[in-house]
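What follows is a short report on a single structure.
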Amino acid sequence: RYAFPCYDEPSFKATFDITIRRPTTHRSWSCTNIKETRVSTVTGYQDDIYNRTPLMSTYLIALIVAEYESLEQRQNGVLRYEVIARPGALSAGQGQYAFDVGMELLATMSRHTAMDFYSIHPNLKMTQASIPDF
């Protein structure tokens, strides 16, 4: 709601071309894969430019900027699924369960709904974020 108004109205769907300016010490995440990262006009920052989203409601957009690490699953070099968490949590094994079970749950839901998540739109990926105290 800080980035733009969020309406829970089916007729207010749109596609989104997202660019996140972040400190070079951080990473960013959104609903689609990063298309490219550019050096920002602001010293010490980079611009992550994401692939266009599918047609969707504004309240489904996720924007994360953090000093997080990630566990990733790629298919043909393309990021499809990831779990992100604070530094040290993943290397301490605190994300493996979420990674394994999350992928299994997503596959189960795809079978249950007869709608494969990854076939909905070519730019989609699934990111689970571990946010302390959230």
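So you can find residues: chains in the structure tokens are A, B, ... in the order shown, residues in each start at 1, and ligands are numbered from 1 in order.
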
Practice item. Using only C-alpha atoms, determine which residues lie at most 12 Å from A:Tyr2, disregarding the query and same-chain residues fewer than 3 positions distant; provide the list as a ChimeraX atom specification. Key: /A:5-6,58-59,61-63

Can you tell me, as a short mmCIF file (atom, residue, chain, number, x, y, z; two decimals) with N, CA and C atoms, in the first residue's frame, what residues are no more than 12 Å from A:Asp8 when counting only C-alpha atoms, ignoring any on the same chain fewer than 4 positions away?
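Result saved to selection_10.cif:
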data_model
loop_
_atom_site.label_atom_id
_atom_site.label_comp_id
_atom_site.auth_asym_id
_atom_site.auth_seq_id
_atom_site.Cartn_x
_atom_site.Cartn_y
_atom_site.Cartn_z
N ARG A 1 0.81 -1.20 0.00
CA ARG A 1 0.00 0.00 0.00
C ARG A 1 0.86 1.26 0.00
N PHE A 12 -10.19 -4.05 -11.50
CA PHE A 12 -9.01 -3.20 -11.37
C PHE A 12 -7.71 -3.99 -11.49
N LYS A 13 -7.66 -4.94 -12.38
CA LYS A 13 -6.44 -5.71 -12.59
C LYS A 13 -5.58 -5.05 -13.66
N MET A 56 -3.06 -8.99 -12.96
CA MET A 56 -3.31 -9.34 -11.57
C MET A 56 -3.79 -8.14 -10.76
N SER A 57 -4.34 -8.43 -9.60
CA SER A 57 -4.79 -7.38 -8.67
C SER A 57 -3.59 -6.76 -7.98
N THR A 58 -3.70 -5.49 -7.63
CA THR A 58 -2.59 -4.78 -7.01
C THR A 58 -2.18 -5.39 -5.68
N TYR A 59 -3.12 -5.94 -4.93
CA TYR A 59 -2.78 -6.47 -3.61
C TYR A 59 -1.97 -7.76 -3.66
N LEU A 60 -1.77 -8.32 -4.84
CA LEU A 60 -0.96 -9.52 -4.98
C LEU A 60 0.51 -9.23 -5.27
#

Exercise for review: Taking the chain letters and numbering used in this document, name the residues of chain A that DSSP puts in strand (DSSP E), as a PyMOL selection string.
Suggested key: chain A and resi 19-23+27-29+34-39+45-50+64-66+69-75+78-85+126-129

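Coordinates place atom CA of A:Asp133 at a distance of 24.4 Å from atom CA of A:Phe4.
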
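Using only C-alpha atoms, the shortest contact distance between A:Phe99 and any of A:Phe117, A:Val83, A:Ile20, A:Arg27 is found at A:Val83.
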
Neighbour list for A:Glu69 as a short mmCIF file (atom, residue, chain, number, x, y, z; two decimals) with N, CA, C and O atoms, in the first residue's frame, cut-off 10 Å, only C-alpha atoms, skip fewer than 3 positions in-chain:
data_model
loop_
_atom_site.label_atom_id
_atom_site.label_comp_id
_atom_site.auth_asym_id
_atom_site.auth_seq_id
_atom_site.Cartn_x
_atom_site.Cartn_y
_atom_site.Cartn_z
N HIS A 26 22.17 -4.96 -0.62
CA HIS A 26 20.92 -5.71 -0.47
C HIS A 26 20.56 -6.40 -1.78
O HIS A 26 21.14 -6.13 -2.82
N ARG A 27 19.54 -7.26 -1.71
CA ARG A 27 18.94 -7.88 -2.89
C ARG A 27 17.46 -7.51 -2.91
O ARG A 27 16.91 -7.07 -1.91
N ALA A 66 16.07 -6.64 1.02
CA ALA A 66 16.64 -7.09 2.28
C ALA A 66 18.05 -7.64 2.07
O ALA A 66 18.45 -7.93 0.95
N GLU A 72 17.53 -21.89 -4.00
CA GLU A 72 16.86 -21.75 -5.29
C GLU A 72 16.73 -23.08 -6.01
O GLU A 72 17.59 -23.95 -5.92
N GLU A 82 12.00 -20.44 -4.81
CA GLU A 82 13.05 -20.08 -3.86
C GLU A 82 12.47 -19.81 -2.48
O GLU A 82 11.31 -19.48 -2.32
N VAL A 83 13.34 -19.98 -1.51
CA VAL A 83 13.06 -19.59 -0.13
C VAL A 83 14.13 -18.58 0.23
O VAL A 83 15.32 -18.82 0.01
N ILE A 84 13.71 -17.43 0.78
CA ILE A 84 14.67 -16.40 1.18
C ILE A 84 14.58 -16.18 2.68
O ILE A 84 13.51 -16.31 3.28
N ALA A 85 15.73 -15.88 3.29
CA ALA A 85 15.77 -15.70 4.74
C ALA A 85 16.97 -14.84 5.13
O ALA A 85 17.88 -14.62 4.32
N ARG A 86 16.99 -14.41 6.37
CA ARG A 86 18.06 -13.55 6.88
C ARG A 86 19.41 -14.27 6.79
O ARG A 86 19.47 -15.49 6.76
N PRO A 87 20.49 -13.49 6.76
CA PRO A 87 21.83 -14.09 6.65
C PRO A 87 22.06 -15.12 7.76
O PRO A 87 21.73 -14.91 8.92
N GLY A 88 22.63 -16.22 7.37
CA GLY A 88 22.96 -17.27 8.33
C GLY A 88 21.87 -18.29 8.56
O GLY A 88 22.15 -19.43 8.93
N ALA A 89 20.62 -17.93 8.38
CA ALA A 89 19.51 -18.85 8.66
C ALA A 89 19.53 -20.04 7.69
O ALA A 89 19.36 -21.19 8.10
N LEU A 90 19.76 -19.77 6.42
CA LEU A 90 19.76 -20.86 5.44
C LEU A 90 20.98 -21.75 5.60
O LEU A 90 20.88 -22.97 5.50
N SER A 91 22.13 -21.14 5.85
CA SER A 91 23.34 -21.95 6.03
C SER A 91 23.27 -22.78 7.31
O SER A 91 23.94 -23.80 7.43
#

Exercise for review: Using only C-alpha atoms, pick whichever of A:Ser28, A:Thr15, A:Ser119, A:Asn33 has the shortest atom-to-atom distance to A:Arg74.
Suggested key: A:Asn33

**Study point:** A:Leu79 environment, 12 Å, only C-alpha atoms, sequence neighbours closer than 2 positions dropped, as a ChimeraX atom specification
**Key:** /A:29,31-35,70-77,81-83,118,122-127

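We find atom CA of A:Arg38 and atom CA of A:Gln128 to be spaced 24.9 Å apart.
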
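Reported to one decimal place, the separation of atom CA of A:Pro54 from atom CA of A:Thr19 is 15.6 Å.
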
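All residues within stretch 21-118 of chain A that the backbone DSSP calculation assigns to helix (DSSP H, G or I) are Thr58, Tyr59, Leu60, Gln96, Tyr97, Ala98, Phe99, Asp100, Val101, Gly102, Met103, Glu104, Leu105, Leu106, Ala107, Thr108, Met109, Ser110, Arg111, His112, Thr113, Phe117 and Tyr118 of chain A.
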